[in-house]
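Enquirer: Here you go, structure-v3.cif (mmCIF, C-alpha atoms):
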```
data_query
#
loop_
_atom_site.label_atom_id
_atom_site.label_comp_id
_atom_site.auth_asym_id
_atom_site.auth_seq_id
_atom_site.Cartn_x
_atom_site.Cartn_y
_atom_site.Cartn_z
CA MET A 472 87.69 8.94 322.04
CA VAL A 473 90.32 11.44 323.11
CA ALA A 474 93.83 10.04 323.04
CA HIS A 475 95.39 9.51 326.43
CA ALA A 476 98.31 11.77 325.65
CA ASP A 477 95.99 14.64 324.75
CA LEU A 478 94.37 14.43 328.14
CA ILE A 479 97.48 14.40 330.23
CA ALA A 480 100.06 16.40 328.28
CA PRO A 481 98.70 19.86 329.10
CA ALA A 482 98.51 19.02 332.80
CA PHE A 483 102.12 17.81 332.81
CA ALA A 484 103.29 20.92 331.04
CA THR A 485 101.93 23.13 333.77
CA LEU A 486 102.84 21.15 336.88
CA PRO A 487 103.21 23.83 339.50
CA ASP A 488 106.43 24.30 341.45
CA PRO A 489 105.57 23.93 345.16
CA GLN A 490 108.29 26.44 346.00
CA PRO A 491 108.53 29.18 343.36
CA LEU A 492 111.82 31.06 343.24
CA LYS A 493 111.73 33.97 345.63
CA ILE A 494 114.70 36.24 346.29
CA ALA A 495 114.50 39.05 348.86
CA GLY A 496 110.71 38.73 348.86
CA ARG A 497 110.39 39.03 345.09
CA GLU A 498 109.03 36.08 343.14
CA PHE A 499 110.55 35.19 339.78
CA HIS A 500 108.84 33.05 337.16
CA SER A 501 112.04 31.60 335.67
CA ARG A 502 114.89 29.81 337.41
CA LEU A 503 117.18 30.57 334.50
CA MET A 504 118.99 33.90 334.57
CA VAL A 505 121.06 34.96 331.60
CA GLY A 506 123.90 37.32 330.81
CA THR A 507 124.12 39.67 327.85
CA GLY A 508 127.84 39.54 327.03
CA LYS A 509 129.75 38.03 324.11
CA TYR A 510 126.89 37.89 321.59
CA SER A 511 127.74 38.28 317.92
CA SER A 512 124.96 40.82 317.52
CA ASN A 513 122.30 42.53 319.55
CA SER A 514 119.51 40.86 317.59
CA VAL A 515 120.88 37.38 318.35
CA MET A 516 121.16 38.39 322.00
CA ILE A 517 117.56 39.56 322.16
CA ASP A 518 116.27 36.42 320.43
CA ALA A 519 118.34 34.18 322.72
CA ILE A 520 117.11 35.92 325.86
CA GLU A 521 113.54 35.59 324.64
CA ALA A 522 114.06 31.87 323.89
CA SER A 523 115.60 31.32 327.33
CA GLY A 524 112.43 32.55 329.04
CA ALA A 525 114.63 34.38 331.54
CA GLU A 526 113.28 37.21 333.61
CA VAL A 527 116.54 38.24 335.28
CA VAL A 528 119.11 39.55 332.81
CA THR A 529 122.58 40.67 333.84
CA VAL A 530 124.40 43.73 332.55
CA ALA A 531 127.75 45.37 333.26
CA VAL A 532 128.70 48.99 333.97
CA ARG A 533 131.36 50.51 331.75
CA ARG A 534 132.56 53.90 330.58
CA VAL A 535 130.71 55.29 327.58
CA ASP A 536 133.13 55.18 324.65
CA LEU A 537 133.12 58.83 323.63
CA ASP A 538 135.11 58.20 320.46
CA ARG A 539 132.44 56.00 318.95
CA SER A 540 129.91 57.56 316.68
CA LYS A 541 127.02 55.32 317.70
CA GLU A 542 125.67 54.74 321.18
CA GLU A 543 126.54 51.23 322.37
CA GLY A 544 124.50 51.15 325.56
CA ILE A 545 122.54 47.95 325.99
CA LEU A 546 119.36 49.76 327.01
CA HIS A 547 118.97 50.77 323.39
CA HIS A 548 118.33 47.10 322.64
CA LEU A 549 116.97 45.61 325.85
CA ASP A 550 113.65 46.83 327.23
CA PRO A 551 114.15 47.41 330.97
CA ASN A 552 110.39 47.18 331.49
CA HIS A 553 110.34 43.65 330.11
CA TYR A 554 113.31 42.23 332.05
CA PHE A 555 114.65 42.51 335.57
CA LEU A 556 118.07 44.10 335.12
CA LEU A 557 120.73 42.73 337.42
CA SER A 558 123.94 44.72 337.22
CA ASN A 559 127.22 43.00 337.96
CA THR A 560 130.59 44.18 339.22
CA ALA A 561 132.56 42.03 336.79
CA GLY A 562 136.14 43.08 336.32
CA CYS A 563 136.51 44.43 339.86
CA TYR A 564 139.52 43.11 341.74
CA ASN A 565 138.89 44.70 345.15
CA ALA A 566 135.97 45.62 347.39
CA THR A 567 136.37 49.37 346.82
CA ASP A 568 135.97 49.07 343.05
CA ALA A 569 133.08 46.62 343.34
CA ILE A 570 131.25 48.97 345.72
CA ARG A 571 131.80 51.88 343.34
CA TYR A 572 130.39 49.94 340.39
CA ALA A 573 127.41 48.80 342.44
CA ARG A 574 126.63 52.37 343.42
CA LEU A 575 126.91 53.55 339.81
CA ALA A 576 124.53 50.79 338.73
CA ARG A 577 122.00 51.72 341.38
CA ALA A 578 122.14 55.34 340.26
CA ALA A 579 120.84 54.20 336.87
CA GLY A 580 117.55 53.99 338.72
CA PHE A 581 116.23 50.50 338.01
CA ASN A 582 116.75 48.67 341.29
CA GLU A 583 119.12 48.24 344.21
CA TRP A 584 120.13 44.69 343.31
CA VAL A 585 123.68 43.76 342.41
CA LYS A 586 125.43 40.60 341.30
CA LEU A 587 128.55 41.14 343.32
CA GLU A 588 131.83 39.90 341.92
CA VAL A 589 135.20 40.58 343.49
CA ILE A 590 137.73 38.71 341.41
CA GLY A 591 140.93 37.45 342.98
CA ASP A 592 142.81 35.85 340.11
CA GLN A 593 143.01 36.88 336.48
CA GLN A 594 143.60 33.43 335.05
CA THR A 595 140.79 31.56 336.79
CA LEU A 596 138.53 34.52 337.65
CA LEU A 597 138.01 32.85 341.02
CA PRO A 598 136.63 35.17 343.70
CA ASP A 599 138.59 37.05 346.33
CA THR A 600 136.40 35.91 349.21
CA ASP A 601 137.82 38.43 351.71
CA GLY A 602 137.02 41.33 349.40
CA LEU A 603 133.67 39.75 348.56
CA LEU A 604 132.63 39.57 352.22
CA GLN A 605 133.83 43.09 352.88
CA ALA A 606 131.93 44.49 349.89
CA THR A 607 128.82 42.47 350.81
CA ARG A 608 128.73 43.94 354.32
CA THR A 609 129.16 47.51 353.04
CA LEU A 610 126.56 47.22 350.29
CA VAL A 611 124.01 45.44 352.50
CA GLY A 612 124.49 48.31 354.96
CA GLU A 613 123.62 50.73 352.15
CA GLY A 614 120.40 48.89 351.35
CA PHE A 615 121.61 46.85 348.37
CA LYS A 616 120.23 43.42 347.61
CA VAL A 617 123.45 41.51 347.15
CA LEU A 618 123.67 38.30 345.10
CA ALA A 619 127.22 37.17 345.72
CA TYR A 620 129.23 35.27 343.11
CA THR A 621 131.50 32.94 345.04
CA ASN A 622 133.34 29.65 344.84
CA GLU A 623 131.84 26.35 346.01
CA ASP A 624 133.20 26.70 349.55
CA LEU A 625 130.51 26.12 352.18
CA VAL A 626 132.13 28.27 354.87
CA THR A 627 132.36 31.29 352.56
CA ALA A 628 128.75 30.74 351.52
CA LEU A 629 127.66 30.68 355.16
CA LYS A 630 129.60 33.88 355.86
CA LEU A 631 127.98 35.59 352.88
CA GLU A 632 124.52 34.64 354.11
CA ASP A 633 125.45 35.88 357.56
CA ALA A 634 126.67 39.17 356.01
CA GLY A 635 123.20 39.70 354.55
CA ALA A 636 123.48 38.45 350.97
CA VAL A 637 119.97 37.76 349.59
CA ALA A 638 121.33 34.95 347.42
CA VAL A 639 124.60 33.10 347.16
CA MET A 640 125.94 32.19 343.74
CA PRO A 641 128.53 29.43 343.80
CA LEU A 642 130.24 28.57 340.55
CA ALA A 643 129.79 25.26 338.76
CA SER A 644 133.26 25.76 337.25
CA PRO A 645 135.26 28.87 336.26
CA ILE A 646 133.54 31.70 334.37
CA GLY A 647 133.43 31.06 330.64
CA SER A 648 135.01 27.61 330.95
CA GLY A 649 131.97 25.53 330.01
CA LEU A 650 133.33 22.68 332.12
CA GLY A 651 130.02 21.96 333.82
CA MET A 652 129.65 21.21 337.51
CA LEU A 653 132.98 20.04 338.93
CA ASN A 654 131.88 19.50 342.52
CA PRO A 655 128.26 18.39 342.91
CA TYR A 656 128.84 17.45 346.54
CA ALA A 657 129.92 21.00 347.41
CA ILE A 658 126.98 22.54 345.56
CA ARG A 659 124.52 20.18 347.28
CA THR A 660 126.05 20.92 350.66
CA ILE A 661 125.76 24.67 350.17
CA LYS A 662 122.12 24.29 349.13
CA GLN A 663 121.35 22.09 352.13
CA ARG A 664 122.95 24.44 354.62
CA LEU A 665 121.84 27.88 353.41
CA GLY A 666 118.51 29.53 354.02
CA VAL A 667 118.83 32.05 351.21
CA PRO A 668 118.44 30.96 347.59
CA VAL A 669 121.44 29.31 345.93
CA ILE A 670 121.88 30.26 342.28
CA VAL A 671 124.69 28.43 340.51
CA ASP A 672 126.61 30.95 338.45
CA ALA A 673 129.20 30.21 335.80
CA GLY A 674 130.62 27.13 334.11
CA VAL A 675 127.52 25.58 332.53
CA GLY A 676 128.51 24.56 329.00
CA THR A 677 125.53 22.72 327.60
CA ALA A 678 121.99 21.67 328.45
CA SER A 679 122.93 18.47 330.30
CA ASP A 680 125.19 20.55 332.60
CA ALA A 681 122.26 22.80 333.44
CA CYS A 682 119.98 19.84 334.07
CA ILE A 683 122.47 18.14 336.41
CA VAL A 684 122.99 21.40 338.33
CA MET A 685 119.24 21.77 338.86
CA GLU A 686 118.95 18.13 339.94
CA GLN A 687 121.09 19.04 342.97
CA GLY A 688 118.14 21.03 344.26
CA VAL A 689 119.57 24.52 343.80
CA ASP A 690 117.19 27.40 343.21
CA GLY A 691 118.40 28.53 339.82
CA ILE A 692 121.24 29.03 337.36
CA LEU A 693 122.84 32.10 335.87
CA MET A 694 124.69 31.61 332.61
CA ASN A 695 126.08 33.66 329.77
CA THR A 696 128.81 32.03 327.69
CA GLY A 697 127.04 28.65 327.58
CA ILE A 698 124.38 30.32 325.44
CA ALA A 699 126.26 33.16 323.79
CA ALA A 700 129.18 31.02 322.60
CA ALA A 701 127.03 28.20 321.19
CA GLN A 702 126.98 27.79 317.40
CA ASP A 703 123.29 28.67 317.51
CA PRO A 704 122.69 30.73 320.66
CA VAL A 705 118.93 30.98 320.21
CA ARG A 706 118.48 27.23 319.99
CA MET A 707 120.86 26.67 322.90
CA ALA A 708 118.85 29.18 324.94
CA ALA A 709 115.72 27.11 324.28
CA ALA A 710 117.65 23.95 325.26
CA MET A 711 118.84 25.56 328.49
CA ARG A 712 115.33 26.61 329.36
CA ALA A 713 114.04 23.06 328.93
CA ALA A 714 117.04 21.64 330.81
CA VAL A 715 116.54 23.92 333.80
CA GLU A 716 112.86 23.00 333.93
CA SER A 717 113.64 19.29 333.54
CA GLY A 718 116.32 19.36 336.20
CA ARG A 719 114.00 21.13 338.59
CA ASN A 720 111.21 18.64 337.95
CA ALA A 721 113.59 15.70 338.38
CA TYR A 722 114.75 17.12 341.69
CA LEU A 723 111.16 17.63 342.88
CA ALA A 724 110.20 14.17 341.66
CA GLY A 725 113.02 12.54 343.62
CA ARG A 726 115.18 10.16 341.66
CA MET A 727 115.22 6.38 342.18
CA PRO A 728 118.04 5.00 344.31
CA LYS A 729 121.10 3.83 342.42
CA ARG A 730 121.92 0.09 342.59
CA GLU A 731 124.96 -1.87 341.61
CA VAL A 732 122.83 -4.78 340.36
CA ALA A 733 120.07 -5.13 337.81
CA VAL A 734 116.43 -5.37 338.91
CA PRO A 735 113.97 -6.58 336.28
CA SER A 736 111.27 -4.15 335.22
CA SER A 737 108.96 -6.87 333.92
CA PRO A 738 107.26 -9.59 336.01
CA THR A 739 109.44 -12.60 336.72
CA THR A 740 106.37 -14.81 337.12
CA GLY A 741 103.99 -16.06 334.45
CA MET A 742 106.76 -17.02 332.05
CA LEU A 743 105.79 -19.58 329.42
CA GLY A 744 106.54 -23.14 330.41
CA SER A 745 106.80 -22.37 334.11
CA MET B 1094 134.57 61.49 312.64
CA THR B 1095 132.83 64.49 314.12
CA GLU B 1096 135.17 66.56 316.24
CA SER B 1097 133.15 67.48 319.27
CA LEU B 1098 135.56 70.21 320.32
CA SER B 1099 135.14 72.31 317.20
CA PHE B 1100 132.80 74.69 318.99
CA VAL B 1101 135.73 75.97 321.03
CA THR B 1102 137.20 77.66 318.01
CA GLU B 1103 133.83 79.03 316.93
CA ALA B 1104 132.94 80.56 320.27
CA PRO B 1105 135.37 83.12 321.64
CA LEU B 1106 134.44 82.14 325.19
CA ALA B 1107 136.85 81.42 327.99
CA ALA B 1108 137.35 77.67 328.23
CA VAL B 1109 137.88 75.38 331.17
CA SER B 1110 139.84 72.19 331.11
CA ILE B 1111 138.09 69.09 332.45
CA THR B 1112 138.64 65.35 332.30
CA VAL B 1113 135.91 63.19 330.81
CA ASN B 1114 136.32 59.41 330.96
CA GLY B 1115 140.04 59.75 331.44
CA LYS B 1116 140.66 62.21 328.62
CA GLU B 1117 141.18 65.94 328.89
CA ARG B 1118 138.65 68.16 327.17
CA ARG B 1119 138.19 71.91 326.98
CA VAL B 1120 134.68 73.28 327.25
CA PRO B 1121 133.31 76.82 327.41
CA SER B 1122 133.21 78.17 330.92
CA GLY B 1123 129.75 78.17 332.39
CA TRP B 1124 128.75 74.97 330.62
CA THR B 1125 126.50 72.62 332.56
CA LEU B 1126 126.63 68.83 332.59
CA SER B 1127 123.55 68.81 330.37
CA GLU B 1128 125.39 70.85 327.76
CA LEU B 1129 128.33 68.49 327.94
CA LEU B 1130 126.06 65.48 327.42
CA SER B 1131 124.32 67.14 324.46
CA SER B 1132 127.65 67.95 322.84
CA LEU B 1133 128.62 64.29 323.20
CA GLY B 1134 125.30 63.12 321.74
CA LEU B 1135 124.30 61.34 324.94
CA ASP B 1136 120.87 60.91 326.46
CA ALA B 1137 120.95 61.73 330.17
CA ARG B 1138 118.39 58.97 330.84
CA THR B 1139 120.75 56.21 329.71
CA VAL B 1140 123.91 57.27 331.52
CA VAL B 1141 125.15 57.68 335.06
CA ILE B 1142 127.58 60.46 335.93
CA GLU B 1143 130.21 60.53 338.61
CA ARG B 1144 131.75 63.96 339.25
CA ASN B 1145 134.98 64.09 341.24
CA GLY B 1146 134.17 60.74 342.79
CA THR B 1147 130.59 61.59 343.72
CA ILE B 1148 127.72 59.89 341.90
CA LEU B 1149 125.03 62.34 340.80
CA ARG B 1150 121.86 60.43 341.56
CA ASP B 1151 119.53 63.27 340.60
CA ARG B 1152 119.48 63.65 336.82
CA ALA B 1153 117.59 66.93 337.15
CA SER B 1154 120.75 68.38 338.65
CA PHE B 1155 122.63 67.92 335.36
CA ALA B 1156 121.02 71.08 334.02
CA THR B 1157 122.26 73.24 336.87
CA ILE B 1158 125.68 71.80 337.70
CA GLU B 1159 128.33 73.94 336.00
CA LEU B 1160 131.58 72.37 334.95
CA GLY B 1161 134.53 73.75 336.87
CA PRO B 1162 138.26 73.70 336.13
CA ASP B 1163 139.83 70.29 336.76
CA ASP B 1164 136.47 68.56 337.13
CA ASN B 1165 136.87 64.82 336.72
CA ILE B 1166 133.76 63.44 335.05
CA GLU B 1167 133.02 59.77 334.52
CA ILE B 1168 130.11 58.88 332.25
CA VAL B 1169 129.06 55.24 332.39
CA HIS B 1170 126.25 53.13 331.04
CA PHE B 1171 125.12 49.51 330.92
CA VAL B 1172 126.75 47.17 328.44
CA GLY B 1173 126.47 43.45 327.84
CA GLY B 1174 127.86 41.33 330.65
CA GLY B 1175 127.37 38.09 332.51
#
```
Mind turning this structure into structure tokens?
Expert:
Amino acid sequence: MVAHADLIAPAFATLPDPQPLKIAGREFHSRLMVGTGKYSSNSVMIDAIEASGAEVVTVAVRRVDLDRSKEEGILHHLDPNHYFLLSNTAGCYNATDAIRYARLARAAGFNEWVKLEVIGDQQTLLPDTDGLLQATRTLVGEGFKVLAYTNEDLVTALKLEDAGAVAVMPLASPIGSGLGMLNPYAIRTIKQRLGVPVIVDAGVGTASDACIVMEQGVDGILMNTGIAAAQDPVRMAAAMRAAVESGRNAYLAGRMPKREVAVPSSPTTGMLGS
Amino acid sequence: MTESLSFVTEAPLAAVSITVNGKERRVPSGWTLSELLSSLGLDARTVVIERNGTILRDRASFATIELGPDDNIEIVHFVGGG
């Protein structure tokens, strides 16, 4: 006889998602998006990305260092046919710079998508929402698909959607902090109110953080430092992949209501001596 | 380190002064962007060039665009980022 677990395990592993992730009409097979910064080596980065199962991979635009003897461009390590490259505007502190970086990235010829960042404060790397909205409007007008990195403020998120962003990316906590999700209520509210996908970006420090973020019902997570700065980035990437899938499944399953009192799981009748 | 400007002394050509990624360089007059990239050991397919604030979206144009005096060239590429 076939063991029960053998019969059901494969079916569980492939439970379909009733609402696959779709951004700007394009369907993605993974809800986990990963960055490519801060890795100790390119080979660790490649292995970690592979282990994460991510399809969307972020990159940054920078000057070529002409004084270096070897070419440091990431495309020498990352196959752009295998991943969906999402260029960011990290390091830009005003709309004009962010727009310039987005245009440079598009000229590389891969796609017209941009993870738009307009930073407003050096210490916290929190967004300048005025500049962000301004840059979003300009880039949307130029045909860009804008995924806007923002804070967890609902009104800003609504304005970004209204400005034409194809996805809104509220932070869980500050970039690179690893503090996890500081305001689940705000993240849930943004997800409930927006029509475009909500991808939580930044602040996830470990697998449980990622799982809890996904349990809020958001459409995906983008992370970089949480994987790259782990002691073993490849293993953490695998953990994040499982956590994102688990959190998504838990959200779809619908958790039990919380109670302040115990409720027995076993029958209260049929006790011996009753 | 290889000095990429050594050709200037070898070739008795008139030179023009340009700025590449924030640093001044002298190149033979009549040089195209393609020649500049080759001298820097760069593959045109992996970089994006901005010339005097205008992004050159057509890489085929690199072979015909001649570098002029005071040209400000920015050469960028993708690096790791989050």
Enquirer: Applying the PyMOL selection byres ((chain B) within 7 of (chain A)) to the file I just gave you, which residues come out? Please list them as a list in words.
Expert: Asn1114, Val1140, Val1141, Ile1148, Arg1150, Ile1168, Val1169, His1170, Phe1171, Val1172, Gly1173, Gly1174 and Gly1175 of chain B
Enquirer: Could you tell me which residues the PyMOL selection byres ((chain B and resi 1119-1133) around 6) returns for this structure, as a list in words?
Expert: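 So the PyMOL selection byres ((chain B and resi 1119-1133) around 6) ends up selecting Leu1106, Ala1107, Ala1108, Val1109, Ser1110, Arg1118, Gly1134, Leu1135, Phe1155, Ala1156, Ile1158, Glu1159 and Leu1160 of chain B.
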Enquirer: Please produce a file of those selected residues containing C-alpha atoms, as a short mmCIF file (atom, residue, chain, number, x, y, z; two decimals), keeping the file's coordinate frame.
Expert:
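Once written, selection_18.cif looks like this:
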```
data_model
loop_
_atom_site.label_atom_id
_atom_site.label_comp_id
_atom_site.auth_asym_id
_atom_site.auth_seq_id
_atom_site.Cartn_x
_atom_site.Cartn_y
_atom_site.Cartn_z
CA LEU B 1106 134.44 82.14 325.19
CA ALA B 1107 136.85 81.42 327.99
CA ALA B 1108 137.35 77.67 328.23
CA VAL B 1109 137.88 75.38 331.17
CA SER B 1110 139.84 72.19 331.11
CA ARG B 1118 138.65 68.16 327.17
CA GLY B 1134 125.30 63.12 321.74
CA LEU B 1135 124.30 61.34 324.94
CA PHE B 1155 122.63 67.92 335.36
CA ALA B 1156 121.02 71.08 334.02
CA ILE B 1158 125.68 71.80 337.70
CA GLU B 1159 128.33 73.94 336.00
CA LEU B 1160 131.58 72.37 334.95
#
```
Enquirer: Tell me, in Å to one decimal, how far atom CA of A:His548 is from atom CA of A:Ser514.
Expert: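 Separation between atom CA of A:His548 and atom CA of A:Ser514: 8.1 Å.
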Enquirer: Give me the residues near A:Ile494 as number ranges by chain, where near means some atom within 8 Å (using only C-alpha atoms) and where sequence neighbours in that chain fewer than 6 positions away do not count.
Expert: A: 637-638, 667-668
Enquirer: Report, in Å to a single decimal, how far apart atom CA of A:Ile570 and atom CA of A:Trp584 are.
Expert: 12.2 Å
Enquirer: Please enumerate the residues selected by the PyMOL selection byres ((chain A and resi 670) around 6) when evaluated against the supplied file, formatted as an mmCIF file with C-alpha atoms, in the frame of the given file.
Expert:
```
data_model
loop_
_atom_site.group_PDB
_atom_site.id
_atom_site.type_symbol
_atom_site.label_atom_id
_atom_site.label_comp_id
_atom_site.auth_asym_id
_atom_site.auth_seq_id
_atom_site.Cartn_x
_atom_site.Cartn_y
_atom_site.Cartn_z
ATOM 1 C CA MET A 640 125.940 32.190 343.740
ATOM 2 C CA VAL A 669 121.440 29.310 345.930
ATOM 3 C CA VAL A 671 124.690 28.430 340.510
ATOM 4 C CA ASP A 690 117.190 27.400 343.210
ATOM 5 C CA GLY A 691 118.400 28.530 339.820
ATOM 6 C CA ILE A 692 121.240 29.030 337.360
#
```
Enquirer: Skipping near chain neighbours, those fewer than 4 positions away, what residues fall within 7 Å of stretch 721-736 of chain A using all atoms listed in the file, listed as number ranges by chain?
Expert: A: 686-688, 717
Enquirer: Restricting the calculation to only C-alpha atoms, which member of A:Tyr620, A:Asn720, A:Ala714, A:Ala699 is positioned closest to A:Ile520?
Expert: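 Looking only at the distances to A:Ile520, the closest residue turns out to be A:Ala699.
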Enquirer: Report the distance between atom CA of A:Glu623 and atom CA of A:Pro641 in Å, rounded to one decimal place.
Expert: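 So the two atoms, atom CA of A:Glu623 and atom CA of A:Pro641, lie 5.0 Å apart.
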Enquirer: Put a box with edges along x, y and z around all the listed atoms of stretch 1119-1126 of chain B, pad it by 8 Å on each side, then give me its centre and sizes in Å, one decimal, as JSON.
Expert:
```
{"center_x": 132.3, "center_y": 73.5, "center_z": 329.8, "size_x": 27.7, "size_y": 25.3, "size_z": 21.6}
```
Enquirer: If we count all atoms listed in the file and set the cut-off at 10 Å, which residues sit around A:Asp601, ignoring sequence neighbours fewer than 3 positions away in its own chain? Please answer as number ranges by chain.
Expert: A: 565-566, 589, 591, 598, 604-607, 627
Enquirer: Counting only C-alpha atoms, find residues at most 7 Å from (116.7, 35.9, 339.2) (file frame) and give them as a ChimeraX atom specification.
Expert: /A:499,502,504,526-527
Enquirer: Could you add N, CA and C atoms to stretch 1121-1146 of chain B and give me the result as an mmCIF file, in the frame of the given file?
Expert:
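Wrote selection-v4.cif, looks like this:
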```cif
data_model
loop_
_atom_site.group_PDB
_atom_site.id
_atom_site.type_symbol
_atom_site.label_atom_id
_atom_site.label_comp_id
_atom_site.auth_asym_id
_atom_site.auth_seq_id
_atom_site.Cartn_x
_atom_site.Cartn_y
_atom_site.Cartn_z
ATOM 1 N N PRO B 1121 133.531 75.407 327.058
ATOM 2 C CA PRO B 1121 133.310 76.820 327.410
ATOM 3 C C PRO B 1121 133.001 76.959 328.889
ATOM 4 N N SER B 1122 133.507 77.983 329.504
ATOM 5 C CA SER B 1122 133.210 78.170 330.920
ATOM 6 C C SER B 1122 131.730 78.464 331.080
ATOM 7 N N GLY B 1123 131.181 77.981 332.156
ATOM 8 C CA GLY B 1123 129.750 78.170 332.390
ATOM 9 C C GLY B 1123 128.902 77.039 331.855
ATOM 10 N N TRP B 1124 129.508 76.101 331.133
ATOM 11 C CA TRP B 1124 128.750 74.970 330.620
ATOM 12 C C TRP B 1124 128.256 74.080 331.763
ATOM 13 N N THR B 1125 127.042 73.556 331.573
ATOM 14 C CA THR B 1125 126.500 72.620 332.560
ATOM 15 C C THR B 1125 126.765 71.194 332.076
ATOM 16 N N LEU B 1126 126.499 70.239 332.970
ATOM 17 C CA LEU B 1126 126.630 68.830 332.590
ATOM 18 C C LEU B 1126 125.692 68.488 331.435
ATOM 19 N N SER B 1127 124.507 69.081 331.450
ATOM 20 C CA SER B 1127 123.550 68.810 330.370
ATOM 21 C C SER B 1127 124.129 69.227 329.027
ATOM 22 N N GLU B 1128 124.798 70.383 329.019
ATOM 23 C CA GLU B 1128 125.390 70.850 327.760
ATOM 24 C C GLU B 1128 126.519 69.933 327.317
ATOM 25 N N LEU B 1129 127.266 69.438 328.283
ATOM 26 C CA LEU B 1129 128.330 68.490 327.940
ATOM 27 C C LEU B 1129 127.740 67.230 327.304
ATOM 28 N N LEU B 1130 126.689 66.703 327.943
ATOM 29 C CA LEU B 1130 126.060 65.480 327.420
ATOM 30 C C LEU B 1130 125.526 65.705 326.006
ATOM 31 N N SER B 1131 124.865 66.844 325.792
ATOM 32 C CA SER B 1131 124.320 67.140 324.460
ATOM 33 C C SER B 1131 125.441 67.177 323.433
ATOM 34 N N SER B 1132 126.551 67.821 323.798
ATOM 35 C CA SER B 1132 127.650 67.950 322.840
ATOM 36 C C SER B 1132 128.241 66.579 322.498
ATOM 37 N N LEU B 1133 128.086 65.635 323.428
ATOM 38 C CA LEU B 1133 128.620 64.290 323.200
ATOM 39 C C LEU B 1133 127.567 63.369 322.571
ATOM 40 N N GLY B 1134 126.374 63.907 322.346
ATOM 41 C CA GLY B 1134 125.300 63.120 321.740
ATOM 42 C C GLY B 1134 124.740 62.066 322.668
ATOM 43 N N LEU B 1135 124.764 62.333 323.978
ATOM 44 C CA LEU B 1135 124.300 61.340 324.940
ATOM 45 C C LEU B 1135 122.968 61.736 325.566
ATOM 46 N N ASP B 1136 122.158 60.723 325.824
ATOM 47 C CA ASP B 1136 120.870 60.910 326.460
ATOM 48 C C ASP B 1136 121.054 60.721 327.966
ATOM 49 N N ALA B 1137 120.732 61.760 328.715
ATOM 50 C CA ALA B 1137 120.950 61.730 330.170
ATOM 51 C C ALA B 1137 120.250 60.547 330.823
ATOM 52 N N ARG B 1138 119.167 60.058 330.225
ATOM 53 C CA ARG B 1138 118.390 58.970 330.840
ATOM 54 C C ARG B 1138 119.098 57.627 330.762
ATOM 55 N N THR B 1139 120.094 57.520 329.874
ATOM 56 C CA THR B 1139 120.750 56.210 329.710
ATOM 57 C C THR B 1139 122.160 56.173 330.288
ATOM 58 N N VAL B 1140 122.561 57.262 330.949
ATOM 59 C CA VAL B 1140 123.910 57.270 331.520
ATOM 60 C C VAL B 1140 123.869 57.601 333.004
ATOM 61 N N VAL B 1141 124.962 57.283 333.667
ATOM 62 C CA VAL B 1141 125.150 57.680 335.060
ATOM 63 C C VAL B 1141 126.439 58.493 335.107
ATOM 64 N N ILE B 1142 126.404 59.580 335.866
ATOM 65 C CA ILE B 1142 127.580 60.460 335.930
ATOM 66 C C ILE B 1142 128.150 60.484 337.337
ATOM 67 N N GLU B 1143 129.471 60.369 337.367
ATOM 68 C CA GLU B 1143 130.210 60.530 338.610
ATOM 69 C C GLU B 1143 131.077 61.772 338.430
ATOM 70 N N ARG B 1144 130.960 62.725 339.359
ATOM 71 C CA ARG B 1144 131.750 63.960 339.250
ATOM 72 C C ARG B 1144 132.680 64.032 340.451
ATOM 73 N N ASN B 1145 133.951 64.027 340.192
ATOM 74 C CA ASN B 1145 134.980 64.090 341.240
ATOM 75 C C ASN B 1145 134.720 63.035 342.330
ATOM 76 N N GLY B 1146 134.354 61.861 341.877
ATOM 77 C CA GLY B 1146 134.170 60.740 342.790
ATOM 78 C C GLY B 1146 132.806 60.651 343.429
#
```
